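Student: Here you go, run.tsv (TSV, C-alpha atoms and all ligand atoms):
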```tsv
chain	number	residue	atom	x	y	z
A	394	MET	CA	-3.89	-27.56	8.08
A	395	GLN	CA	-7.70	-27.43	7.82
A	396	ILE	CA	-9.03	-24.24	6.38
A	397	GLN	CA	-12.45	-22.97	5.30
A	398	PHE	CA	-13.02	-20.87	2.22
A	399	GLN	CA	-16.21	-18.83	2.23
A	400	ILE	CA	-16.74	-17.88	-1.39
A	401	LEU	CA	-19.30	-15.40	-2.66
A	402	ARG	CA	-21.08	-17.03	-5.56
A	403	GLN	CA	-23.56	-15.64	-8.06
A	404	ALA	CA	-25.39	-16.96	-11.09
A	405	PRO	CA	-26.12	-14.49	-13.92
A	406	ASN	CA	-28.90	-12.06	-12.88
A	407	LYS	CA	-29.40	-13.82	-9.54
A	408	PRO	CA	-28.63	-12.61	-6.00
A	409	SER	CA	-25.27	-13.59	-4.54
A	410	TYR	CA	-24.83	-16.13	-1.74
A	411	ALA	CA	-21.89	-17.45	0.29
A	412	GLN	CA	-20.75	-21.06	-0.07
A	413	THR	CA	-18.23	-22.66	2.27
A	414	TYR	CA	-15.62	-25.26	1.29
A	415	CYS	CA	-13.22	-27.05	3.67
A	416	LEU	CA	-9.73	-27.84	2.46
A	417	GLU	CA	-6.65	-29.54	3.86
A	418	ALA	CA	-4.12	-26.98	2.64
A	419	ASP	CA	-0.42	-26.36	3.04
A	420	PRO	CA	0.24	-22.85	4.43
A	421	SER	CA	2.63	-22.17	1.55
A	422	GLN	CA	-0.07	-22.74	-1.08
A	423	THR	CA	-1.36	-19.67	-2.83
A	424	ILE	CA	-5.02	-18.68	-2.71
A	425	LEU	CA	-5.15	-19.58	-6.41
A	426	ASP	CA	-3.77	-23.07	-5.65
A	427	CYS	CA	-6.59	-23.48	-3.12
A	428	LEU	CA	-9.27	-22.27	-5.54
A	429	ASN	CA	-7.94	-24.68	-8.18
A	430	ARG	CA	-8.15	-27.56	-5.72
A	431	ILE	CA	-11.70	-26.63	-4.72
A	432	LYS	CA	-12.68	-26.56	-8.37
A	433	TRP	CA	-10.88	-29.77	-9.33
A	434	GLU	CA	-11.64	-31.81	-6.21
A	435	GLN	CA	-14.96	-30.51	-4.88
A	436	ASP	CA	-17.00	-28.29	-7.19
A	437	GLY	CA	-16.32	-27.97	-10.90
A	438	SER	CA	-19.02	-25.30	-11.25
A	439	LEU	CA	-16.99	-22.63	-9.37
A	440	ALA	CA	-15.95	-19.88	-11.81
A	441	PHE	CA	-12.86	-17.65	-11.47
A	442	ARG	CA	-10.18	-16.22	-13.76
A	443	LYS	CA	-6.52	-17.20	-13.89
A	444	ASN	CA	-3.76	-17.55	-16.43
A	445	CYS	CA	-0.06	-17.13	-15.71
A	446	ARG	CA	-0.12	-18.18	-11.99
A	447	ASN	CA	2.95	-15.98	-11.63
A	448	THR	CA	1.90	-12.34	-10.93
A	449	ILE	CA	2.30	-11.36	-14.57
A	450	CYS	CA	-1.00	-11.44	-16.44
A	451	GLY	CA	-3.23	-9.71	-13.86
A	452	SER	CA	-6.15	-12.10	-14.44
A	453	CYS	CA	-6.70	-13.48	-10.95
A	454	THR	CA	-7.65	-10.36	-8.94
A	455	LEU	CA	-10.19	-11.06	-6.21
A	456	LYS	CA	-11.19	-9.68	-2.85
A	457	ILE	CA	-9.43	-11.85	-0.29
A	458	ASN	CA	-10.71	-11.15	3.21
A	459	GLY	CA	-12.11	-7.88	1.84
A	460	ARG	CA	-8.89	-6.67	0.23
A	461	SER	CA	-8.30	-6.70	-3.53
A	462	ALA	CA	-5.26	-8.79	-4.39
A	463	LEU	CA	-3.84	-11.29	-6.87
A	464	ALA	CA	-4.85	-14.82	-5.87
A	465	CYS	CA	-1.61	-16.20	-7.31
A	466	LYS	CA	0.53	-13.81	-5.24
A	467	GLU	CA	-0.98	-14.24	-1.77
A	468	ASN	CA	-0.40	-17.45	0.11
A	469	VAL	CA	-2.45	-18.98	2.91
A	470	GLU	CA	0.09	-18.32	5.65
A	471	ALA	CA	0.52	-14.63	4.80
A	472	GLU	CA	-3.23	-14.17	4.48
A	473	LEU	CA	-3.91	-15.69	7.89
A	474	LYS	CA	-1.29	-13.42	9.40
A	475	ARG	CA	-2.70	-10.33	7.69
A	476	ALA	CA	-6.23	-11.14	8.86
A	477	HIS	CA	-5.04	-12.10	12.39
A	478	LEU	CA	-6.51	-15.60	12.02
A	479	SER	CA	-5.15	-18.48	14.05
A	480	GLU	CA	-4.31	-21.85	12.41
A	481	ALA	CA	-5.63	-23.62	15.51
A	482	ASP	CA	-9.34	-22.94	15.13
A	483	MET	CA	-10.14	-23.78	11.48
A	484	PRO	CA	-9.69	-20.27	10.07
A	485	THR	CA	-11.99	-18.93	7.37
A	486	ILE	CA	-10.73	-16.99	4.37
A	487	THR	CA	-13.43	-15.06	2.53
A	488	ILE	CA	-13.25	-14.69	-1.23
A	489	ALA	CA	-15.39	-12.26	-3.24
A	490	PRO	CA	-15.33	-10.81	-6.75
A	491	MET	CA	-13.65	-7.46	-7.52
A	492	GLY	CA	-15.56	-4.32	-6.61
A	493	ASN	CA	-16.82	-1.59	-8.97
A	494	LEU	CA	-17.50	-4.10	-11.77
A	495	PRO	CA	-20.62	-6.16	-12.55
A	496	VAL	CA	-20.44	-9.87	-11.78
A	497	ILE	CA	-20.87	-12.31	-14.66
A	498	LYS	CA	-20.63	-15.51	-12.62
A	499	ASP	CA	-19.17	-16.25	-9.16
A	500	LEU	CA	-15.76	-14.53	-9.11
A	501	VAL	CA	-15.71	-13.57	-12.77
A	502	VAL	CA	-16.53	-9.89	-13.41
A	503	ASP	CA	-17.24	-7.99	-16.62
A	504	MET	CA	-14.02	-6.02	-17.28
A	505	GLN	CA	-15.55	-3.94	-20.09
A	506	PRO	CA	-15.98	-0.72	-17.99
A	507	PHE	CA	-12.37	-1.04	-16.82
A	508	TRP	CA	-11.06	-1.18	-20.41
A	509	GLN	CA	-13.39	1.62	-21.55
A	510	ASP	CA	-12.06	3.87	-18.77
A	511	LEU	CA	-8.51	3.08	-19.83
A	512	GLN	CA	-9.39	3.86	-23.44
A	513	ALA	CA	-10.74	7.27	-22.36
A	514	ILE	CA	-7.25	8.60	-21.55
A	515	THR	CA	-5.83	7.69	-25.01
A	516	PRO	CA	-3.43	5.10	-23.57
A	517	TYR	CA	-0.85	5.10	-26.32
A	518	ILE	CA	1.84	7.44	-27.61
A	519	SER	CA	0.34	9.94	-29.97
A	520	ARG	CA	2.35	11.68	-32.71
A	521	GLU	CA	1.29	14.70	-34.74
A	522	SER	CA	2.26	13.09	-38.02
A	523	PRO	CA	1.16	9.57	-38.85
A	524	ALA	CA	4.22	9.17	-41.12
A	525	LEU	CA	6.66	6.55	-39.91
A	526	PRO	CA	10.12	7.88	-39.05
A	527	GLU	CA	13.20	6.44	-40.73
A	528	ARG	CA	14.41	4.98	-37.46
A	529	GLU	CA	13.03	4.22	-34.01
A	530	PHE	CA	12.49	6.93	-31.38
A	531	LEU	CA	15.38	6.73	-28.97
A	532	GLN	CA	15.21	7.47	-25.24
A	533	SER	CA	18.04	8.17	-22.85
A	534	PRO	CA	18.43	5.79	-19.89
A	535	ALA	CA	17.19	8.61	-17.61
A	536	GLU	CA	14.07	9.13	-19.74
A	537	ARG	CA	13.34	5.41	-19.63
A	538	GLU	CA	14.00	5.26	-15.92
A	539	ALA	CA	11.27	7.86	-15.34
A	540	LEU	CA	8.71	5.43	-16.82
A	541	ASN	CA	9.73	2.36	-14.85
A	542	GLN	CA	7.39	2.56	-11.86
A	543	VAL	CA	4.20	3.08	-13.86
A	544	GLY	CA	5.48	0.72	-16.56
A	545	ASN	CA	5.24	-2.08	-13.98
A	546	CYS	CA	1.42	-1.92	-14.06
A	547	ILE	CA	-0.06	-5.26	-15.15
A	548	LEU	CA	-3.63	-3.86	-15.37
A	549	CYS	CA	-4.88	-6.33	-12.79
A	550	GLY	CA	-7.60	-3.90	-11.64
A	551	ALA	CA	-6.90	-4.20	-7.89
A	552	CYS	CA	-6.80	-0.39	-7.62
A	553	TYR	CA	-10.01	-0.02	-9.64
A	554	SER	CA	-11.74	-2.61	-7.47
A	555	GLU	CA	-10.97	-0.61	-4.30
A	556	CYS	CA	-11.46	2.90	-5.74
A	557	ASN	CA	-13.83	5.05	-3.67
A	558	GLY	CA	-13.81	7.73	-6.38
A	559	LYS	CA	-15.16	5.23	-8.91
A	560	LEU	CA	-17.70	3.96	-6.40
A	561	VAL	CA	-19.39	7.36	-6.03
A	562	ASN	CA	-18.66	8.85	-9.44
A	563	PRO	CA	-19.16	6.58	-12.49
A	564	ASP	CA	-17.56	9.24	-14.74
A	565	PHE	CA	-14.20	8.99	-12.96
A	566	VAL	CA	-11.82	7.05	-15.19
A	567	GLY	CA	-10.09	5.35	-12.26
A	568	PRO	CA	-6.57	5.03	-10.85
A	569	HIS	CA	-5.33	2.50	-13.41
A	570	ALA	CA	-6.08	4.91	-16.27
A	571	LEU	CA	-4.60	7.95	-14.54
A	572	ALA	CA	-1.40	6.12	-13.63
A	573	LYS	CA	-1.07	5.32	-17.34
A	574	ALA	CA	-1.89	8.98	-18.11
A	575	GLN	CA	1.07	10.09	-15.99
A	576	ARG	CA	3.31	7.66	-17.88
A	577	LEU	CA	2.26	9.24	-21.19
A	578	LEU	CA	2.77	12.78	-19.90
A	579	GLU	CA	6.26	11.75	-18.85
A	580	ASP	CA	7.09	10.18	-22.22
A	581	GLY	CA	9.03	12.57	-24.45
A	582	ARG	CA	7.93	10.73	-27.59
A	583	ASP	CA	4.30	11.74	-27.09
A	584	GLN	CA	3.10	14.90	-28.86
A	585	ALA	CA	-0.46	15.20	-27.56
A	586	THR	CA	0.58	16.82	-24.29
A	587	GLN	CA	-1.72	19.86	-24.37
A	588	LYS	CA	-4.77	17.77	-25.20
A	589	ARG	CA	-3.84	15.40	-22.40
A	590	TRP	CA	-3.62	18.28	-19.90
A	591	ASP	CA	-7.08	19.45	-20.96
A	592	ASP	CA	-8.57	15.95	-20.77
A	593	TYR	CA	-6.99	14.81	-17.53
A	594	GLY	CA	-7.92	18.04	-15.70
A	595	GLU	CA	-11.49	18.21	-16.99
A	596	GLY	CA	-14.27	18.20	-14.41
A	597	ILE	CA	-14.24	15.21	-12.09
A	598	LYS	CA	-13.71	12.49	-14.67
A	599	GLY	CA	-9.94	12.99	-14.48
A	600	VAL	CA	-7.56	13.67	-11.61
A	601	TRP	CA	-9.98	15.91	-9.69
A	602	GLY	CA	-12.32	12.94	-9.24
A	603	CYS	CA	-9.77	11.18	-7.00
A	604	THR	CA	-10.91	11.15	-3.37
A	605	ARG	CA	-7.35	10.55	-2.11
A	606	CYS	CA	-8.50	7.56	-0.05
A	607	TYR	CA	-5.11	5.92	-0.66
A	608	LEU	CA	-6.57	2.43	-1.17
A	609	CYS	CA	-5.17	2.15	-4.71
A	610	ASN	CA	-1.65	2.64	-3.34
A	611	ALA	CA	-2.31	0.21	-0.51
A	612	VAL	CA	-3.44	-2.70	-2.69
A	613	CYS	CA	-1.36	-2.32	-5.87
A	614	PRO	CA	0.66	-5.56	-6.16
A	615	MET	CA	3.26	-3.91	-8.40
A	616	GLU	CA	3.91	-0.78	-6.31
A	617	VAL	CA	2.78	1.53	-9.07
A	618	ALA	CA	1.28	3.87	-6.42
A	619	PRO	CA	-1.54	5.20	-8.62
A	620	MET	CA	-2.53	7.92	-6.15
A	621	ASP	CA	1.01	9.31	-6.22
A	622	GLN	CA	0.86	9.37	-10.03
A	623	ILE	CA	-2.45	11.25	-9.87
A	624	GLY	CA	-0.81	13.69	-7.44
A	625	LYS	CA	1.99	14.37	-9.95
A	626	ILE	CA	-0.54	15.27	-12.65
A	627	LYS	CA	-2.39	17.57	-10.24
A	628	GLN	CA	0.82	19.36	-9.29
A	629	LYS	CA	1.67	19.95	-12.93
A	630	LEU	CA	-1.85	21.15	-13.71
A	631	LEU	CA	-1.77	23.61	-10.82
A	632	ALA	CA	1.68	24.84	-11.83
A	633	GLN	CA	0.26	25.82	-15.23
A	634	LYS	CA	-2.22	28.21	-13.65
A	635	ASN	CA	-1.49	31.28	-11.62
A	636	ALA	CA	-3.37	33.02	-8.87
A	637	GLN	CA	-4.26	35.98	-11.10
A	638	THR	CA	-6.23	33.92	-13.58
A	639	SER	CA	-7.48	31.05	-11.45
A	640	ARG	CA	-9.95	31.78	-8.67
A	641	PRO	CA	-9.55	28.40	-6.91
A	642	LEU	CA	-5.78	28.96	-6.78
A	643	ARG	CA	-6.28	32.53	-5.60
A	644	HIS	CA	-8.60	31.24	-2.87
A	645	ARG	CA	-5.84	28.98	-1.57
A	646	LYS	CA	-3.12	31.61	-1.86
A	647	VAL	CA	-5.12	34.39	-0.17
A	648	LEU	CA	-6.12	32.11	2.69
A	649	ILE	CA	-2.51	31.16	3.38
A	650	ASP	CA	-1.17	34.71	2.95
A	651	LEU	CA	-3.75	36.19	5.33
A	652	VAL	CA	-3.22	33.55	8.00
A	653	LYS	CA	0.53	34.09	7.68
A	654	SER	CA	0.22	37.83	8.15
A	655	GLY	CA	-2.39	37.94	10.93
A	656	GLY	CA	-2.53	34.47	12.49
A	657	TRP	CA	-6.09	34.06	11.25
A	658	VAL	CA	-8.19	35.25	8.31
A	659	ASP	CA	-8.87	38.97	7.95
A	660	GLU	CA	-12.36	38.63	6.50
A	661	ARG	CA	-12.46	42.25	5.35
A	662	LYS	CA	-9.80	41.44	2.80
A	663	PHE	CA	-10.72	37.86	1.97
A	664	GLY	CA	-13.64	38.50	-0.40
A	665	LEU	CA	-11.95	41.54	-1.91
A	666	TYR	CA	-8.80	39.60	-2.74
A	667	VAL	CA	-10.40	36.32	-3.84
A	668	VAL	CA	-13.59	37.40	-5.64
A	669	GLY	CA	-12.34	40.92	-6.45
A	670	ASN	CA	-8.88	39.66	-7.55
A	671	TYR	CA	-7.07	42.15	-5.28
A	672	GLY	CA	-9.30	45.02	-6.47
A	673	ARG	CA	-8.71	44.34	-10.20
A	674	ASP	CA	-12.05	42.66	-10.92
A	675	LEU	CA	-14.72	45.36	-10.57
A	676	LYS	CA	-17.49	42.99	-11.62
A	677	GLY	CA	-16.39	40.57	-8.91
A	678	ILE	CA	-16.38	43.35	-6.31
A	679	ALA	CA	-19.86	44.46	-7.41
A	680	SER	CA	-21.11	40.89	-7.02
A	681	ILE	CA	-20.15	40.74	-3.32
A	682	LEU	CA	-21.12	44.31	-2.46
A	683	PRO	CA	-24.76	43.48	-1.55
A	684	LEU	CA	-23.54	40.73	0.77
A	685	GLY	CA	-21.07	43.14	2.41
A	686	LEU	CA	-23.79	45.74	2.94
A	687	ARG	CA	-26.16	43.16	4.42
A	688	MET	CA	-23.43	41.99	6.78
A	689	LEU	CA	-22.66	45.61	7.74
A	690	SER	CA	-26.31	46.45	8.46
A	691	SER	CA	-26.72	43.35	10.62
A	692	GLY	CA	-23.52	44.00	12.53
A	693	LYS	CA	-21.75	40.94	11.07
A	694	PHE	CA	-19.08	42.77	9.07
A	695	PRO	CA	-15.76	42.80	10.92
A	696	VAL	CA	-14.89	46.52	10.73
A	697	PHE	CA	-11.65	46.09	12.67
A	698	PHE	CA	-9.10	43.32	12.54
A	699	GLU	CA	-6.89	42.28	15.39
A	700	ALA	CA	-3.95	40.01	14.65
A	701	SER	CA	-3.70	36.82	16.68
A	702	ALA	CA	-1.25	36.75	19.57
A	703	GLY	CA	0.17	33.54	18.07
A	704	THR	CA	0.85	35.02	14.63
A	705	GLU	CA	4.62	34.44	14.82
A	706	SER	CA	4.19	30.73	15.63
A	707	VAL	CA	1.51	30.25	12.96
A	708	ARG	CA	3.71	31.94	10.36
A	709	ALA	CA	6.73	29.82	11.33
A	710	LEU	CA	4.63	26.66	11.07
A	711	ILE	CA	3.30	27.55	7.61
A	712	GLU	CA	6.77	28.51	6.36
A	713	HIS	CA	8.15	25.25	7.64
A	714	LEU	CA	5.44	23.29	5.80
A	715	GLN	CA	5.93	25.36	2.64
A	716	SER	CA	9.66	24.68	2.61
A	717	ASP	CA	8.91	20.92	2.71
A	718	THR	CA	6.22	20.99	0.01
A	719	PRO	CA	7.12	20.85	-3.69
A	720	SER	CA	5.66	23.86	-5.47
B	801	LIG	FE1	-1.71	-14.19	-13.78
B	801	LIG	FE2	-2.44	-14.26	-11.20
B	801	LIG	S1	-2.86	-15.71	-12.75
B	801	LIG	S2	-1.48	-12.64	-12.26
```
Can you present the structure in this file as structure tokens?
Ligand code: FES

Tutor:
Amino acid sequence: MQIQFQILRQAPNKPSYAQTYCLEADPSQTILDCLNRIKWEQDGSLAFRKNCRNTICGSCTLKINGRSALACKENVEAELKRAHLSEADMPTITIAPMGNLPVIKDLVVDMQPFWQDLQAITPYISRESPALPEREFLQSPAEREALNQVGNCILCGACYSECNGKLVNPDFVGPHALAKAQRLLEDGRDQATQKRWDDYGEGIKGVWGCTRCYLCNAVCPMEVAPMDQIGKIKQKLLAQKNAQTSRPLRHRKVLIDLVKSGGWVDERKFGLYVVGNYGRDLKGIASILPLGLRMLSSGKFPVFFEASAGTESVRALIEHLQSDTPS
């Protein structure tokens, strides 16, 4: 079949431009096969990365019709189907370099920021003592099993290329690094757990920088599900705090408790419970007192509270959701 490849090309420090190549291709050929043929038969100056040609090394990640994927994994037929392109009218497949990384030439990007972000999570098992043990560290089959999914990561960068968190926040270390972080937290041989908790939960460079856009899960060719791994770290971080010491957690808990008891938020209690820590934090109460007085004097303070007529249904709905949600 005749097929067009529209490839985004770029010389160092020059603006990018699209170049189109026509190819007589077999639908079973991979996108990498097609790129090889373009390079060998039509234009030797086209630059792209490849190595194993077998979904192992992670070198050949590109944006194929706007979606980050391994060029050696996707074939022409599947790509046409995914993009709803018909074989009959000379379909065009667009090829662009990975996102979130600077282009060196054509489809070759500078992977340095990707590796630096991985380095930032200390991506190796850390022991308190540097002394070598007399024998290897053994794991049970169950302990090893827990590492399998994340252990499948080939560091191809498809998740990083799609990551909206990375796009808006250069400090965010990215889904590839945090999936690896979850693997290390799960590994019983590692002894740097507390430092890892502190690092991975710090500001928005760790798990709290994830925008939960789900694209990393959608494009990962190895089904590592980076966003799910980030979610596991968040759950564990939240479980370490309690509502008495953590104001963000208290905010969430008070909101749910009040809606459960009255169908909607009783604003008279909300500030007192969240900022005033249920009346324990006198400094907190003092800080919201002026606001309360201003609201009172302008008639905005809700002196009375009337429960919603639908309280029972709202409570049942919340309890149903809570019973389905891991704590
Ligand atoms: Fe190795 Fe594609 S060339 S993963």

Student: Kindly work out which residues sit at most 7 Å from ligand LIG 801 (chain B), using only C-alpha atoms and all ligand atoms, and give the list as a VMD selection string.

Tutor: chain A and resid 443 to 454 463 to 466

Student: I'd like the contact shell of A:Gln399 - 8 Å cut-off, only C-alpha atoms, skipping same-chain residues fewer than 5 positions apart - returned as a list of chain:residue names.

Tutor: A:Ala411, A:Gln412, A:Thr413, A:Tyr414, A:Thr485, A:Ile486, A:Thr487, A:Ile488

Student: Would you pick out the contacts of A:Ala440 at 8 Å or less, using only C-alpha atoms, so that residues sharing its chain but fewer than 3 positions from it are not included, and give the list as a PyMOL selection string?

Tutor: chain A and resi 498-501

Student: Restricting the calculation to all atoms listed in the file: of A:Val469, A:Leu401, A:Ile597, A:Ala632, which residue gets closest to A:Gln422?

Tutor: A:Val469

Student: Report as JSON lines the residues of stretch 591-638 of chain A within 12 Å of stretch 507-521 of chain A, each with its shortest atom pair and distance in Å (one decimal), using all atoms listed in the file, ordered by chain and increasing residue number.

Tutor:
```
{"residue": "A:Asp591", "atom": "CA", "partner": "A:Ile514", "partner_atom": "CA", "distance": 10.9}
{"residue": "A:Asp592", "atom": "CA", "partner": "A:Ile514", "partner_atom": "CA", "distance": 7.5}
{"residue": "A:Tyr593", "atom": "CA", "partner": "A:Ile514", "partner_atom": "CA", "distance": 7.4}
{"residue": "A:Gly594", "atom": "CA", "partner": "A:Ile514", "partner_atom": "CA", "distance": 11.1}
{"residue": "A:Glu595", "atom": "CA", "partner": "A:Ile514", "partner_atom": "CA", "distance": 11.5}
{"residue": "A:Lys598", "atom": "CA", "partner": "A:Asp510", "partner_atom": "CA", "distance": 9.7}
{"residue": "A:Gly599", "atom": "CA", "partner": "A:Ile514", "partner_atom": "CA", "distance": 8.7}
{"residue": "A:Val600", "atom": "CA", "partner": "A:Ile514", "partner_atom": "CA", "distance": 11.2}
```

Student: I need the residue nearest A:His644 from this list: A:Ser438, A:Asn541, A:Asn670, A:Gln628. Use only C-alpha atoms for the distance.

Tutor: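 Smallest separation from A:His644 among the options: A:Asn670.
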
Student: So, counting all atoms listed in the file, which residue among A:Val561, A:Leu571, A:Val617, A:Val668 is closest to A:Val543?

Tutor: A:Val617

Student: Using all atoms listed in the file for the distances, tell me which of A:Cys603, A:Leu416, A:Ile431, A:Leu578 is nearest to A:Asn562.

Tutor: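 Among A:Cys603, A:Leu416, A:Ile431, A:Leu578, it is A:Cys603 that comes nearest to A:Asn562.
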
Student: Counting only C-alpha atoms, which residue out of A:Ala462, A:Ala709, A:Lys625, A:Phe663 sits closest to A:Ala611?

Tutor: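 Among the listed residues, A:Ala462 lies closest to A:Ala611.
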
Student: Here's a test: counting only C-alpha atoms, identify every protein, DNA and RNA residue with an atom at most 12 Å from (-8.4, -25.4, 14.2) in the file's coordinate frame, and state them as a CSV table (one decimal) with C-alpha atoms, in the coordinates of the input.

Tutor:
```csv
chain,number,residue,atom,x,y,z
A,394,MET,CA,-3.9,-27.6,8.1
A,395,GLN,CA,-7.7,-27.4,7.8
A,396,ILE,CA,-9.0,-24.2,6.4
A,397,GLN,CA,-12.4,-23.0,5.3
A,415,CYS,CA,-13.2,-27.0,3.7
A,417,GLU,CA,-6.6,-29.5,3.9
A,478,LEU,CA,-6.5,-15.6,12.0
A,479,SER,CA,-5.2,-18.5,14.0
A,480,GLU,CA,-4.3,-21.8,12.4
A,481,ALA,CA,-5.6,-23.6,15.5
A,482,ASP,CA,-9.3,-22.9,15.1
A,483,MET,CA,-10.1,-23.8,11.5
A,484,PRO,CA,-9.7,-20.3,10.1
A,485,THR,CA,-12.0,-18.9,7.4
```

Student: Could you list, as number ranges by chain, every residue within 10 Å of A:Leu455, counting only C-alpha atoms and ignoring same-chain residues fewer than 4 positions away?

Tutor: A: 424-425, 441-442, 459-464, 488-492, 500-502, 549-551, 554

Student: Counting all atoms listed in the file, which residue out of A:Ile547, A:Leu494, A:Ile623, A:Leu473 sits closest to A:Ala574?

Tutor: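 Among the listed residues, the smallest separation from A:Ala574 belongs to A:Ile623.
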
Student: Can you list, as a count of residues only, every protein, DNA or RNA residue that comes within 9 Å of A:Thr604 when you count all atoms listed in the file, leaving out same-chain residues fewer than 5 positions away?

Tutor: 3

Student: Mind pulling up the distance from atom CA of A:Ala700 to atom CA of A:Gly655?

Tutor: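 Separation between atom CA of A:Gly655 and atom CA of A:Ala700: 4.5 Å.
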
Student: Quick one: residues within 7 Å of A:Ile626, only C-alpha atoms counted, chain neighbours fewer than 4 positions away excluded, as a PyMOL selection string?

Tutor: chain A and resi 575+622+630

Student: Quick one: write out the picked residues with C-alpha atoms as an mmCIF file, in the frame of the given file?

Tutor:
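Writing done, so here's result32.cif:
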```
data_model
loop_
_atom_site.group_PDB
_atom_site.id
_atom_site.type_symbol
_atom_site.label_atom_id
_atom_site.label_comp_id
_atom_site.auth_asym_id
_atom_site.auth_seq_id
_atom_site.Cartn_x
_atom_site.Cartn_y
_atom_site.Cartn_z
ATOM 1 C CA GLN A 575 1.070 10.090 -15.990
ATOM 2 C CA GLN A 622 0.860 9.370 -10.030
ATOM 3 C CA LEU A 630 -1.850 21.150 -13.710
#
```

Student: To one decimal in Å, tell me the separation between atom CA of A:Gly624 and atom CA of A:Gly596.

Tutor: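 Taking atom CA of A:Gly624 and atom CA of A:Gly596, their separation equals 15.8 Å.
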